[in-house]
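Student: Dropping in start_38.cif, which is mmCIF, C-alpha atoms:
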```cif
data_start
loop_
_atom_site.label_atom_id
_atom_site.label_comp_id
_atom_site.auth_asym_id
_atom_site.auth_seq_id
_atom_site.Cartn_x
_atom_site.Cartn_y
_atom_site.Cartn_z
CA MET A 888 -74.95 -18.40 -64.48
CA LYS A 889 -74.58 -18.74 -68.25
CA PRO A 890 -71.57 -16.87 -69.63
CA PHE A 891 -72.11 -13.44 -71.17
CA ASP A 892 -69.96 -10.60 -72.41
CA TYR A 893 -69.69 -7.33 -70.48
CA ALA A 894 -69.36 -3.72 -71.51
CA SER A 895 -69.25 -0.58 -69.39
CA PRO A 896 -69.72 2.36 -71.76
CA SER A 897 -69.03 5.86 -70.50
CA THR A 898 -71.46 7.74 -72.73
CA ILE A 899 -75.14 7.42 -73.59
CA GLN A 900 -74.23 7.19 -77.28
CA GLU A 901 -71.94 4.21 -76.71
CA ALA A 902 -74.59 2.51 -74.61
CA THR A 903 -77.41 2.99 -77.12
CA ALA A 904 -75.12 1.88 -79.96
CA LEU A 905 -74.40 -1.34 -78.06
CA LEU A 906 -78.09 -1.80 -77.28
CA GLU A 907 -78.99 -1.27 -80.92
CA GLN A 908 -76.25 -3.63 -82.11
CA HIS A 909 -77.22 -6.45 -79.76
CA GLY A 910 -80.98 -5.89 -79.58
CA ASP A 911 -82.76 -8.35 -77.33
CA ASP A 912 -79.49 -10.18 -76.60
CA ALA A 913 -78.36 -7.23 -74.49
CA ARG A 914 -79.39 -6.59 -70.87
CA VAL A 915 -78.78 -3.36 -69.00
CA LEU A 916 -77.06 -3.61 -65.62
CA ALA A 917 -77.60 -0.89 -63.03
CA GLY A 918 -77.70 -2.19 -59.45
CA GLY A 919 -78.06 -5.79 -60.60
CA THR A 920 -80.42 -6.78 -57.80
CA ASP A 921 -83.06 -7.98 -60.25
CA ILE A 922 -81.15 -8.71 -63.46
CA ILE A 923 -78.36 -10.80 -61.90
CA VAL A 924 -80.95 -12.95 -60.11
CA GLN A 925 -82.96 -13.31 -63.33
CA LEU A 926 -79.88 -14.26 -65.37
CA ARG A 927 -78.74 -16.74 -62.74
CA GLU A 928 -82.16 -18.36 -62.51
CA GLY A 929 -82.54 -18.47 -66.29
CA LEU A 930 -85.58 -16.18 -66.27
CA ARG A 931 -83.77 -13.92 -68.74
CA ASP A 932 -80.87 -14.49 -71.11
CA ALA A 933 -78.08 -12.18 -72.17
CA GLU A 934 -75.29 -12.37 -74.71
CA ILE A 935 -73.96 -9.11 -73.33
CA VAL A 936 -74.56 -7.21 -70.11
CA ILE A 937 -74.20 -3.45 -70.44
CA ASP A 938 -73.22 -1.78 -67.18
CA VAL A 939 -74.49 1.80 -67.36
CA LYS A 940 -73.10 3.07 -64.05
CA LYS A 941 -70.08 4.72 -65.69
CA ILE A 942 -72.33 7.08 -67.66
CA PRO A 943 -72.51 10.39 -65.73
CA GLU A 944 -76.13 11.14 -66.68
CA LEU A 945 -77.22 7.73 -65.37
CA THR A 946 -75.82 8.36 -61.88
CA ALA A 947 -77.04 11.95 -61.54
CA LEU A 948 -78.88 13.20 -58.48
CA ASP A 949 -79.44 16.90 -59.05
CA LEU A 950 -81.98 18.96 -57.18
CA CYS A 951 -82.59 22.54 -58.22
CA ASN A 952 -85.31 24.88 -57.03
CA GLU A 953 -87.00 25.57 -60.34
CA GLY A 954 -86.09 22.49 -62.34
CA GLY A 955 -86.97 19.89 -59.75
CA LEU A 956 -85.11 16.61 -59.39
CA THR A 957 -83.05 14.91 -62.07
CA LEU A 958 -82.56 11.34 -60.95
CA GLY A 959 -80.17 9.21 -63.00
CA ALA A 960 -81.68 5.86 -63.86
CA SER A 961 -78.91 3.89 -62.12
CA THR A 962 -78.65 6.07 -58.99
CA PRO A 963 -79.02 3.72 -56.01
CA CYS A 964 -81.96 3.92 -53.60
CA CYS A 965 -79.71 4.79 -50.66
CA ASP A 966 -78.62 8.01 -52.39
CA VAL A 967 -82.25 9.10 -52.51
CA TYR A 968 -82.98 8.72 -48.80
CA GLU A 969 -79.47 9.68 -47.62
CA THR A 970 -79.56 13.02 -49.45
CA PRO A 971 -81.49 15.24 -47.01
CA ASP A 972 -82.70 17.82 -49.56
CA VAL A 973 -83.99 15.13 -51.87
CA ALA A 974 -85.66 13.13 -49.10
CA ALA A 975 -87.31 16.30 -47.77
CA ALA A 976 -88.60 17.40 -51.17
CA TYR A 977 -89.80 13.96 -52.34
CA PRO A 978 -90.72 12.09 -49.15
CA ALA A 979 -92.79 9.41 -50.90
CA LEU A 980 -89.77 8.52 -53.01
CA ALA A 981 -87.55 8.41 -49.92
CA ASP A 982 -90.15 6.28 -48.10
CA SER A 983 -90.20 3.75 -50.91
CA ALA A 984 -86.44 3.79 -51.59
CA HIS A 985 -85.93 2.97 -47.92
CA ILE A 986 -87.99 -0.24 -48.05
CA VAL A 987 -86.85 -1.78 -51.34
CA GLY A 988 -85.26 -4.99 -50.08
CA GLY A 989 -82.82 -4.66 -47.20
CA TRP A 990 -79.88 -2.34 -46.69
CA GLN A 991 -77.56 -4.35 -48.95
CA ILE A 992 -80.11 -4.16 -51.77
CA GLN A 993 -80.67 -0.41 -51.29
CA SER A 994 -76.92 0.17 -51.68
CA ARG A 995 -77.18 -1.09 -55.25
CA ALA A 996 -80.80 -1.16 -56.47
CA SER A 997 -81.78 1.92 -58.46
CA VAL A 998 -85.13 3.66 -58.77
CA GLY A 999 -84.74 3.52 -62.56
CA GLY A 1000 -84.04 -0.20 -62.38
CA ASN A 1001 -87.08 -0.72 -60.19
CA LEU A 1002 -89.12 1.05 -62.88
CA CYS A 1003 -87.56 -0.92 -65.76
CA ASN A 1004 -88.08 -4.23 -63.96
CA SER A 1005 -91.75 -3.20 -64.07
CA SER A 1006 -93.02 -5.40 -61.28
CA PRO A 1007 -96.66 -4.66 -60.41
CA ALA A 1008 -95.52 -4.55 -56.76
CA ALA A 1009 -92.53 -2.22 -57.28
CA ASP A 1010 -92.39 0.16 -54.32
CA THR A 1011 -90.83 3.17 -56.01
CA ILE A 1012 -93.15 3.36 -59.02
CA PRO A 1013 -96.26 4.70 -57.20
CA SER A 1014 -94.04 7.40 -55.68
CA LEU A 1015 -92.76 8.36 -59.14
CA ILE A 1016 -96.33 8.50 -60.45
CA ALA A 1017 -97.56 10.53 -57.45
CA HIS A 1018 -94.73 13.02 -58.06
CA ASN A 1019 -95.62 13.16 -61.76
CA ALA A 1020 -92.19 11.92 -62.88
CA ILE A 1021 -91.21 11.99 -66.54
CA CYS A 1022 -88.92 9.29 -67.95
CA LEU A 1023 -86.28 10.42 -70.43
CA ILE A 1024 -85.48 7.66 -72.88
CA GLU A 1025 -82.67 7.62 -75.45
CA GLY A 1026 -82.73 5.30 -78.40
CA PRO A 1027 -81.80 4.80 -82.03
CA THR A 1028 -84.39 7.32 -83.16
CA GLY A 1029 -83.50 9.98 -80.61
CA THR A 1030 -84.91 11.11 -77.29
CA ARG A 1031 -88.45 10.68 -76.07
CA GLU A 1032 -90.32 11.36 -72.87
CA VAL A 1033 -92.86 9.09 -71.23
CA ALA A 1034 -94.81 9.82 -68.06
CA ALA A 1035 -94.02 7.37 -65.26
CA GLN A 1036 -97.69 6.44 -65.11
CA ASP A 1037 -97.53 5.26 -68.76
CA PHE A 1038 -94.19 3.43 -68.52
CA CYS A 1039 -95.26 -0.05 -67.42
CA THR A 1040 -97.44 -2.02 -69.81
CA ALA A 1041 -97.73 -5.47 -68.16
CA PRO A 1042 -95.96 -7.43 -65.40
CA GLY A 1043 -92.24 -7.23 -66.31
CA ARG A 1044 -92.97 -5.26 -69.47
CA ASN A 1045 -92.73 -1.58 -70.35
CA VAL A 1046 -92.61 0.91 -73.19
CA LEU A 1047 -88.85 0.54 -73.82
CA GLU A 1048 -88.22 -0.61 -77.38
CA SER A 1049 -85.23 -2.63 -78.48
CA GLY A 1050 -82.16 -0.36 -78.38
CA GLU A 1051 -83.70 2.13 -75.94
CA LEU A 1052 -82.19 3.18 -72.61
CA LEU A 1053 -83.90 4.87 -69.68
CA VAL A 1054 -81.51 7.73 -68.88
CA THR A 1055 -83.08 9.90 -66.21
CA LEU A 1056 -86.25 10.54 -64.28
CA ARG A 1057 -87.37 14.13 -63.89
CA LEU A 1058 -89.59 15.04 -60.97
CA PRO A 1059 -91.18 18.50 -60.96
CA ALA A 1060 -90.05 21.00 -58.34
CA VAL A 1061 -92.01 21.02 -55.09
CA SER A 1062 -92.96 23.89 -52.80
CA ASP A 1063 -93.51 24.07 -49.03
CA SER A 1064 -97.24 23.64 -49.59
CA GLU A 1065 -96.76 20.15 -51.07
CA SER A 1066 -95.77 16.84 -49.63
CA SER A 1067 -96.15 13.12 -50.17
CA ALA A 1068 -95.93 9.70 -48.58
CA TYR A 1069 -95.66 6.05 -49.59
CA GLU A 1070 -96.79 3.14 -47.49
CA ARG A 1071 -97.14 -0.53 -48.27
CA PHE A 1072 -98.64 -3.36 -46.32
CA ILE A 1073 -96.55 -6.48 -45.70
CA ARG A 1074 -97.00 -9.25 -43.17
CA ARG A 1075 -93.59 -8.85 -41.59
CA ASN A 1076 -91.68 -5.73 -40.56
CA GLU A 1077 -89.33 -5.46 -43.52
CA MET A 1078 -87.85 -7.29 -46.52
CA ASP A 1079 -91.05 -8.37 -48.22
CA ILE A 1080 -93.02 -7.68 -51.37
CA ALA A 1081 -96.05 -5.41 -51.02
CA VAL A 1082 -99.47 -6.99 -50.55
CA ALA A 1083 -100.63 -3.53 -51.59
CA GLY A 1084 -99.01 -0.10 -51.62
CA ALA A 1085 -100.09 3.50 -52.07
CA ALA A 1086 -98.33 6.80 -52.71
CA SER A 1087 -100.10 10.11 -52.23
CA TRP A 1088 -98.97 13.61 -53.11
CA ILE A 1089 -101.00 16.68 -52.19
CA LYS A 1090 -100.63 20.41 -52.65
CA ARG A 1091 -102.45 22.72 -50.31
CA GLY A 1092 -103.81 26.01 -51.65
CA ASP A 1093 -103.75 29.40 -49.94
CA ASP A 1094 -107.32 28.79 -48.74
CA GLY A 1095 -106.19 25.68 -46.87
CA ASN A 1096 -108.02 23.34 -49.23
CA ILE A 1097 -106.33 20.81 -51.46
CA ALA A 1098 -105.23 22.52 -54.69
CA ASP A 1099 -103.94 19.38 -56.38
CA ALA A 1100 -103.44 15.71 -55.59
CA ARG A 1101 -101.99 12.59 -57.17
CA ILE A 1102 -102.55 9.08 -55.81
CA ALA A 1103 -100.94 5.91 -57.17
CA LEU A 1104 -101.10 2.24 -56.20
CA SER A 1105 -98.88 -0.83 -56.35
CA ALA A 1106 -99.57 -4.57 -56.22
CA VAL A 1107 -103.27 -4.27 -57.01
CA ALA A 1108 -103.21 -4.49 -60.82
CA ALA A 1109 -101.01 -5.79 -63.64
CA THR A 1110 -99.12 -2.49 -63.54
CA PRO A 1111 -98.78 0.27 -60.95
CA GLN A 1112 -101.86 2.45 -61.25
CA PHE A 1113 -102.53 6.19 -61.22
CA ALA A 1114 -105.82 6.70 -59.36
CA GLN A 1115 -107.06 9.61 -61.42
CA GLU A 1116 -110.65 9.74 -60.15
CA ALA A 1117 -109.55 9.67 -56.51
CA SER A 1118 -106.89 12.32 -57.18
CA GLU A 1119 -109.30 14.67 -58.95
CA TYR A 1120 -111.95 14.18 -56.26
CA LEU A 1121 -109.69 15.83 -53.70
CA VAL A 1122 -109.10 19.02 -55.68
CA GLY A 1123 -110.84 21.92 -53.96
CA LYS A 1124 -111.79 19.79 -50.95
CA ALA A 1125 -110.79 20.39 -47.37
CA PRO A 1126 -107.99 18.05 -46.17
CA THR A 1127 -110.25 16.17 -43.78
CA GLU A 1128 -110.28 12.55 -42.67
CA GLU A 1129 -113.66 12.13 -44.32
CA ASN A 1130 -112.41 13.37 -47.70
CA PHE A 1131 -109.28 11.25 -47.41
CA SER A 1132 -111.47 8.20 -46.72
CA GLN A 1133 -113.61 8.98 -49.74
CA ALA A 1134 -110.49 9.29 -51.91
CA GLY A 1135 -109.47 5.86 -50.64
CA GLU A 1136 -112.87 4.48 -51.64
CA LEU A 1137 -112.55 5.98 -55.14
CA ALA A 1138 -108.99 4.66 -55.51
CA LYS A 1139 -110.41 1.15 -55.14
CA ASN A 1140 -111.96 1.62 -58.59
CA VAL A 1141 -108.55 1.19 -60.28
CA ALA A 1142 -107.64 -1.86 -58.19
CA SER A 1143 -108.06 -5.16 -60.03
CA PRO A 1144 -105.78 -7.41 -57.98
CA ILE A 1145 -105.17 -11.13 -58.10
CA ASP A 1146 -105.44 -13.72 -55.33
CA ASP A 1147 -102.04 -15.08 -54.40
CA MET A 1148 -100.03 -16.23 -51.39
CA ARG A 1149 -99.64 -12.64 -50.21
CA GLY A 1150 -103.32 -11.73 -50.15
CA THR A 1151 -106.79 -12.20 -51.55
CA VAL A 1152 -108.55 -9.86 -53.94
CA GLU A 1153 -110.89 -8.67 -51.21
CA TYR A 1154 -108.06 -8.06 -48.75
CA ARG A 1155 -106.00 -6.11 -51.27
CA VAL A 1156 -108.91 -3.91 -52.31
CA ASN A 1157 -109.64 -3.15 -48.66
CA LEU A 1158 -105.97 -2.27 -48.13
CA VAL A 1159 -106.16 0.31 -50.92
CA GLY A 1160 -108.71 2.30 -48.93
CA VAL A 1161 -106.64 2.07 -45.75
CA LEU A 1162 -103.30 2.93 -47.36
CA VAL A 1163 -104.60 5.83 -49.45
CA LYS A 1164 -106.20 7.41 -46.39
CA ARG A 1165 -103.06 6.91 -44.31
CA THR A 1166 -100.65 8.26 -46.91
CA LEU A 1167 -102.85 11.32 -47.50
CA ALA A 1168 -102.85 11.98 -43.76
CA THR A 1169 -99.06 11.56 -43.60
CA ALA A 1170 -98.56 13.89 -46.57
CA LEU A 1171 -100.77 16.51 -44.87
CA ALA A 1172 -98.88 16.14 -41.59
CA ARG A 1173 -95.63 16.62 -43.48
CA ILE A 1174 -96.89 19.86 -45.04
CA GLN A 1175 -97.81 21.02 -41.55
CA GLY A 1176 -94.30 20.17 -40.43
CA ASP A 1177 -95.14 17.35 -38.07
CA GLY A 1178 -94.83 14.36 -40.33
CA MET B 549 -67.69 -16.85 -75.32
CA ALA B 550 -66.44 -13.90 -73.41
CA ASN B 551 -62.81 -13.82 -72.43
CA LYS B 552 -61.69 -13.38 -68.87
CA ARG B 553 -61.18 -9.82 -67.78
CA HIS B 554 -58.35 -8.35 -65.83
CA VAL B 555 -59.63 -6.43 -62.81
CA SER B 556 -57.61 -4.15 -60.53
CA THR B 557 -59.20 -3.36 -57.20
CA THR B 558 -58.50 -2.84 -53.52
CA ILE B 559 -59.53 -5.54 -51.07
CA ASN B 560 -59.16 -4.98 -47.34
CA GLY B 561 -56.81 -2.08 -48.02
CA GLU B 562 -54.48 -4.07 -50.27
CA PRO B 563 -54.26 -3.58 -54.05
CA LYS B 564 -55.42 -6.77 -55.77
CA GLU B 565 -55.59 -7.93 -59.35
CA PHE B 566 -57.54 -10.89 -60.62
CA LEU B 567 -58.90 -12.46 -63.76
CA CYS B 568 -62.56 -13.32 -63.98
CA ALA B 569 -65.22 -14.10 -66.55
CA PRO B 570 -67.92 -11.41 -66.81
CA HIS B 571 -70.60 -13.72 -65.43
CA GLU B 572 -68.67 -14.56 -62.26
CA SER B 573 -70.02 -12.87 -59.15
CA LEU B 574 -67.84 -10.97 -56.72
CA LEU B 575 -68.65 -13.71 -54.20
CA GLU B 576 -67.28 -16.38 -56.56
CA VAL B 577 -64.19 -14.28 -57.23
CA LEU B 578 -63.55 -13.73 -53.52
CA ARG B 579 -64.02 -17.36 -52.57
CA ASP B 580 -62.73 -19.27 -55.60
CA ASN B 581 -60.09 -16.96 -57.12
CA LEU B 582 -58.76 -15.10 -54.11
CA GLY B 583 -59.21 -17.68 -51.36
CA LEU B 584 -61.22 -15.28 -49.20
CA THR B 585 -63.76 -17.84 -48.04
CA GLY B 586 -65.09 -15.82 -45.10
CA SER B 587 -67.95 -14.50 -47.23
CA LYS B 588 -70.52 -17.29 -47.44
CA GLU B 589 -72.89 -18.37 -50.15
CA GLY B 590 -76.31 -18.79 -48.57
CA CYS B 591 -79.17 -18.15 -50.96
CA ASN B 592 -77.17 -16.72 -53.89
CA ASN B 593 -80.08 -14.40 -54.72
CA GLY B 594 -79.79 -11.44 -52.40
CA ASN B 595 -82.09 -12.53 -49.60
CA CYS B 596 -79.85 -13.89 -46.85
CA GLY B 597 -76.91 -11.48 -46.57
CA ALA B 598 -74.34 -14.21 -45.74
CA CYS B 599 -72.13 -12.87 -48.55
CA THR B 600 -72.26 -9.24 -47.36
CA VAL B 601 -69.16 -7.18 -48.12
CA ILE B 602 -68.60 -3.42 -48.03
CA LEU B 603 -68.22 -1.97 -51.52
CA ASN B 604 -67.08 1.65 -51.66
CA GLY B 605 -68.32 2.19 -48.11
CA ARG B 606 -71.69 0.51 -48.50
CA PRO B 607 -72.84 -2.98 -47.57
CA VAL B 608 -73.82 -5.08 -50.58
CA ASP B 609 -74.61 -8.71 -51.28
CA SER B 610 -71.51 -9.90 -53.14
CA CYS B 611 -73.59 -12.57 -54.91
CA LEU B 612 -75.39 -9.70 -56.68
CA VAL B 613 -72.23 -7.91 -57.83
CA LEU B 614 -70.24 -9.02 -60.85
CA GLY B 615 -66.51 -9.42 -60.30
CA VAL B 616 -65.85 -7.11 -63.24
CA GLU B 617 -67.80 -4.35 -61.52
CA VAL B 618 -65.22 -3.85 -58.77
CA GLU B 619 -62.56 -2.38 -61.07
CA ASP B 620 -61.04 0.57 -59.14
CA ALA B 621 -63.38 -0.09 -56.22
CA GLU B 622 -62.68 -0.60 -52.52
CA VAL B 623 -63.93 -3.88 -51.13
CA GLU B 624 -63.90 -4.84 -47.47
CA THR B 625 -64.64 -8.43 -46.47
CA VAL B 626 -64.99 -10.11 -43.10
CA GLU B 627 -61.29 -10.99 -43.32
CA GLY B 628 -60.50 -7.26 -43.13
CA ILE B 629 -62.53 -6.47 -40.03
CA ALA B 630 -60.02 -7.44 -37.35
CA ASP B 631 -57.02 -5.20 -36.81
CA ARG B 632 -54.14 -7.68 -37.21
CA ASN B 633 -54.35 -9.83 -34.08
CA GLU B 634 -56.99 -7.78 -32.36
CA LEU B 635 -60.63 -8.53 -32.98
CA HIS B 636 -63.02 -5.75 -33.90
CA PRO B 637 -65.44 -4.87 -31.08
CA VAL B 638 -68.27 -6.36 -33.15
CA GLN B 639 -66.39 -9.67 -33.31
CA GLU B 640 -65.59 -9.58 -29.58
CA CYS B 641 -69.18 -8.88 -28.66
CA PHE B 642 -70.54 -11.62 -30.94
CA LEU B 643 -68.21 -14.10 -29.22
CA GLU B 644 -68.86 -12.88 -25.68
CA GLY B 645 -72.61 -12.65 -26.22
CA ALA B 646 -72.85 -16.04 -27.97
CA ALA B 647 -74.50 -14.27 -30.89
CA LEU B 648 -73.89 -17.22 -33.17
CA GLN B 649 -74.64 -20.90 -33.27
CA CYS B 650 -73.89 -22.63 -36.56
CA GLY B 651 -71.98 -19.57 -37.78
CA ILE B 652 -72.82 -19.56 -41.49
CA CYS B 653 -74.57 -16.17 -41.28
CA THR B 654 -71.99 -14.66 -38.93
CA PRO B 655 -69.55 -13.14 -41.45
CA GLY B 656 -72.41 -11.31 -43.14
CA PHE B 657 -73.76 -10.08 -39.81
CA LEU B 658 -70.30 -8.91 -38.72
CA VAL B 659 -69.74 -6.93 -41.91
CA ALA B 660 -73.23 -5.39 -41.92
CA SER B 661 -73.05 -4.62 -38.18
CA LYS B 662 -69.68 -2.92 -38.54
CA ALA B 663 -71.03 -0.84 -41.43
CA LEU B 664 -74.06 0.12 -39.35
CA LEU B 665 -72.07 1.10 -36.26
CA GLU B 666 -69.67 3.19 -38.33
CA LYS B 667 -72.67 5.08 -39.69
CA THR B 668 -74.79 5.06 -36.53
CA PRO B 669 -72.64 4.27 -33.47
CA ASP B 670 -75.55 4.58 -31.04
CA ALA B 671 -78.04 2.63 -33.14
CA CYS B 672 -81.13 1.65 -31.15
CA GLU B 673 -82.69 -1.79 -31.28
CA HIS B 674 -85.18 -0.73 -33.94
CA THR B 675 -82.43 0.66 -36.19
CA ILE B 676 -80.30 -2.44 -35.71
CA ARG B 677 -83.18 -4.75 -36.57
CA TYR B 678 -84.12 -2.61 -39.58
CA ASN B 679 -80.60 -2.42 -41.00
CA LEU B 680 -79.86 -6.08 -40.37
CA ALA B 681 -83.13 -7.21 -41.97
CA GLY B 682 -81.13 -8.22 -45.04
CA ASN B 683 -79.19 -10.76 -42.96
CA LEU B 684 -80.96 -13.98 -42.07
CA CYS B 685 -80.08 -16.21 -39.12
CA ARG B 686 -81.96 -19.47 -38.60
CA CYS B 687 -80.36 -20.35 -35.26
CA THR B 688 -80.24 -17.51 -32.79
CA GLY B 689 -83.65 -15.87 -33.05
CA TYR B 690 -81.73 -12.59 -33.47
CA ASP B 691 -81.98 -11.31 -29.88
CA LYS B 692 -78.39 -12.15 -29.01
CA ILE B 693 -77.21 -10.64 -32.28
CA VAL B 694 -79.03 -7.38 -31.59
CA ARG B 695 -77.61 -7.22 -28.06
CA ALA B 696 -74.10 -7.94 -29.33
CA VAL B 697 -74.35 -5.09 -31.83
CA GLN B 698 -75.60 -2.74 -29.09
CA ASP B 699 -72.71 -3.81 -26.84
CA ALA B 700 -70.22 -3.33 -29.68
CA GLY B 701 -71.57 0.17 -30.28
CA LYS B 702 -70.99 1.03 -26.62
CA ARG B 703 -67.50 -0.49 -26.69
CA MET B 704 -66.59 1.47 -29.81
CA ALA B 705 -67.84 4.70 -28.19
CA GLU B 706 -65.79 4.02 -25.05
CA SER B 707 -62.59 3.40 -27.00
CA ASN B 708 -62.92 6.64 -28.97
#
```
Could I get this structure in the form of structure tokens?

Tutor:
Amino acid sequence: MKPFDYASPSTIQEATALLEQHGDDARVLAGGTDIIVQLREGLRDAEIVIDVKKIPELTALDLCNEGGLTLGASTPCCDVYETPDVAAAYPALADSAHIVGGWQIQSRASVGGNLCNSSPAADTIPSLIAHNAICLIEGPTGTREVAAQDFCTAPGRNVLESGELLVTLRLPAVSDSESSAYERFIRRNEMDIAVAGAASWIKRGDDGNIADARIALSAVAATPQFAQEASEYLVGKAPTEENFSQAGELAKNVASPIDDMRGTVEYRVNLVGVLVKRTLATALARIQGDG
Amino acid sequence: MANKRHVSTTINGEPKEFLCAPHESLLEVLRDNLGLTGSKEGCNNGNCGACTVILNGRPVDSCLVLGVEVEDAEVETVEGIADRNELHPVQECFLEGAALQCGICTPGFLVASKALLEKTPDACEHTIRYNLAGNLCRCTGYDKIVRAVQDAGKRMAESN
């Protein structure tokens, strides 16, 4: 690995000052499971690596009834699925956090880092989109908020400008009438990159029909996708297998995958229908208490 | 370029201090600076788990941790698993069950297995395979490893 300098600021202000000072020569270190590999393989360069794990806001994991979840950008995946209240309230996020790499990776890799790495196949991003997460970003010009669904702009690229730091992710509060699920398809049992993935969140109304829904996809486009048409289709519908299948069909409209060693275009598009239907059914089962 | 940093940490229960450049991995520090060569470099990119150590109670790939990150941390390596002259049940069961052939992956498996059994002493086969998915073995075909971990779990339960 090429030599670099290292800083471990303890406040957001120190971190953003360093990021502003060093610009594109600075790289942020959270769990390191992507950035250390990229630096070692020469895919990215750094004059200075800024370790943000000593900043309290970046390692937060706060769940409150009205405010929802505040998830620090460097909080590791294992904290998400090992915290029962969080895993119960945001099951899609727990599902995805539990399959990012293996156990050793989950001890370090953060949800915020997964988002900032901005891989099209990132497992946690569809779950963030399905739960309508908001990204809080601090930078030289102050604070701004970006919806998770608007964060990624291209493979490995996102809305962060030079000098900006992703601080926290805020997920809205959930009630007993809501649940979610994430599922991906891979060719082995674990430790692989998604051929395709889907996260679904649904809210059931008092009449038993679906009051609201959000569906998001991974590995089928240049960025993780919010399937707006499929999500809106479900609103007011009964939570039936037929309607879930139709949502899966509509979700295919935002899939524009590539052919690669993991799967063909046709295969990936077909998987979208399967995975959307399955995750909707799992989310429904979880609302009913048997998921 | 960047100067070496002074790092104070705890390794296998003993306070340790070392100097390292910021770009040196924990694995490099353990092996090259501290002479703890039990942790192996396999892939050096977080896929194989041969360099697994326990960092603040959690298994991590030490090739994906910077040495400077372990300031004030607690690190446990394969060298710290045995209790003086007595092997840990995981080590005993790997030996008795022939759960190794060439042995390069074994330190990582021992550390990850110990971490798993401390968290889930009665881990079933599925849980063992899931949690050890980040450790690759190209010799055994895994079955003997899984059985050794199950046996070690039973042995640990009996001795408690």

Student: To test your reading of the syntax: which residues would the PyMOL selection byres ((chain A) within 8 of (chain B)) return for the file shown? Reply as a ChimeraX atom specification.

Tutor: /A:888-893,919-920,923-924,988-992,994-995,1077-1078

Student: If you apply the PyMOL selection byres ((chain A and resi 894) around 9) to this file, what residues do you get, as a list in words?

Tutor: Asp892, Tyr893, Ser895, Pro896, Ala902, Leu905, Ile935, Val936, Ile937, Asp938 and Val939 of chain A

Student: Keeping C-alpha atoms, export the residues of the selection given above as a compact mmCIF listing (two decimals), in the coordinates of the input.

Tutor:
```txt
# COMPACT_ATOMS: atom_id res chain seq x y z
CA ASP A 892 -69.96 -10.60 -72.41
CA TYR A 893 -69.69 -7.33 -70.48
CA SER A 895 -69.25 -0.58 -69.39
CA PRO A 896 -69.72 2.36 -71.76
CA ALA A 902 -74.59 2.51 -74.61
CA LEU A 905 -74.40 -1.34 -78.06
CA ILE A 935 -73.96 -9.11 -73.33
CA VAL A 936 -74.56 -7.21 -70.11
CA ILE A 937 -74.20 -3.45 -70.44
CA ASP A 938 -73.22 -1.78 -67.18
CA VAL A 939 -74.49 1.80 -67.36
```

Student: Please evaluate the PyMOL selection byres ((chain A and resi 1018) around 9) against the displayed coordinates and give the resulting residues as an mmCIF file with C-alpha atoms, keeping the file's coordinate frame.

Tutor:
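So the final result, stored in result-v7.cif, reads:
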```
data_model
loop_
_atom_site.group_PDB
_atom_site.id
_atom_site.type_symbol
_atom_site.label_atom_id
_atom_site.label_comp_id
_atom_site.auth_asym_id
_atom_site.auth_seq_id
_atom_site.Cartn_x
_atom_site.Cartn_y
_atom_site.Cartn_z
ATOM 1 C CA TYR A 977 -89.800 13.960 -52.340
ATOM 2 C CA ALA A 979 -92.790 9.410 -50.900
ATOM 3 C CA LEU A 980 -89.770 8.520 -53.010
ATOM 4 C CA PRO A 1013 -96.260 4.700 -57.200
ATOM 5 C CA SER A 1014 -94.040 7.400 -55.680
ATOM 6 C CA LEU A 1015 -92.760 8.360 -59.140
ATOM 7 C CA ILE A 1016 -96.330 8.500 -60.450
ATOM 8 C CA ALA A 1017 -97.560 10.530 -57.450
ATOM 9 C CA ASN A 1019 -95.620 13.160 -61.760
ATOM 10 C CA ALA A 1020 -92.190 11.920 -62.880
ATOM 11 C CA LEU A 1058 -89.590 15.040 -60.970
ATOM 12 C CA PRO A 1059 -91.180 18.500 -60.960
ATOM 13 C CA VAL A 1061 -92.010 21.020 -55.090
ATOM 14 C CA SER A 1067 -96.150 13.120 -50.170
ATOM 15 C CA ALA A 1086 -98.330 6.800 -52.710
ATOM 16 C CA SER A 1087 -100.100 10.110 -52.230
ATOM 17 C CA TRP A 1088 -98.970 13.610 -53.110
ATOM 18 C CA ARG A 1101 -101.990 12.590 -57.170
#
```

Student: Quick one: of A:Ala1085, A:Gly1092, A:Pro978, A:Arg927, who's nearest to B:Cys591, counting only C-alpha atoms?

Tutor: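 Distance minimum relative to B:Cys591 lands on A:Arg927.
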
Student: Take the point (-61.6, -1.6, -55.8) as written in the file and pick out every residue within 9 Å of it, counting all atoms listed in the file; give the list as JSON, numbers by chain.

Tutor: {"B": [555, 556, 557, 558, 559, 563, 564, 603, 604, 617, 618, 619, 620, 621, 622, 623]}

Student: Is there a way to get, as number ranges by chain, all residues within 12 Å of the point (-83.5, -7.6, -64.8) in file coordinates, counting only C-alpha atoms?

Tutor: A: 913-933, 936-937, 996-997, 999-1006, 1043-1044; B: 612

Student: Between atom CA of A:Glu901 and atom CA of A:Phe1038, what is the distance in Å, rounded to a tenth?

Tutor: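 Separating atom CA of A:Glu901 from atom CA of A:Phe1038 is a distance of 23.7 Å.
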
Student: Which value, in Å to one decimal, gives the distance between atom CA of A:Glu1070 and atom CA of B:Lys667?

Tutor: 25.4 Å

Student: Would you mind listing what lies within 7 Å of A:Ile1021 as an NGL selection string, with only C-alpha atoms counted and same-chain residues fewer than 2 positions away left out?

Tutor: :A and (1019 or 1023 or 1032-1035 or 1056-1058)
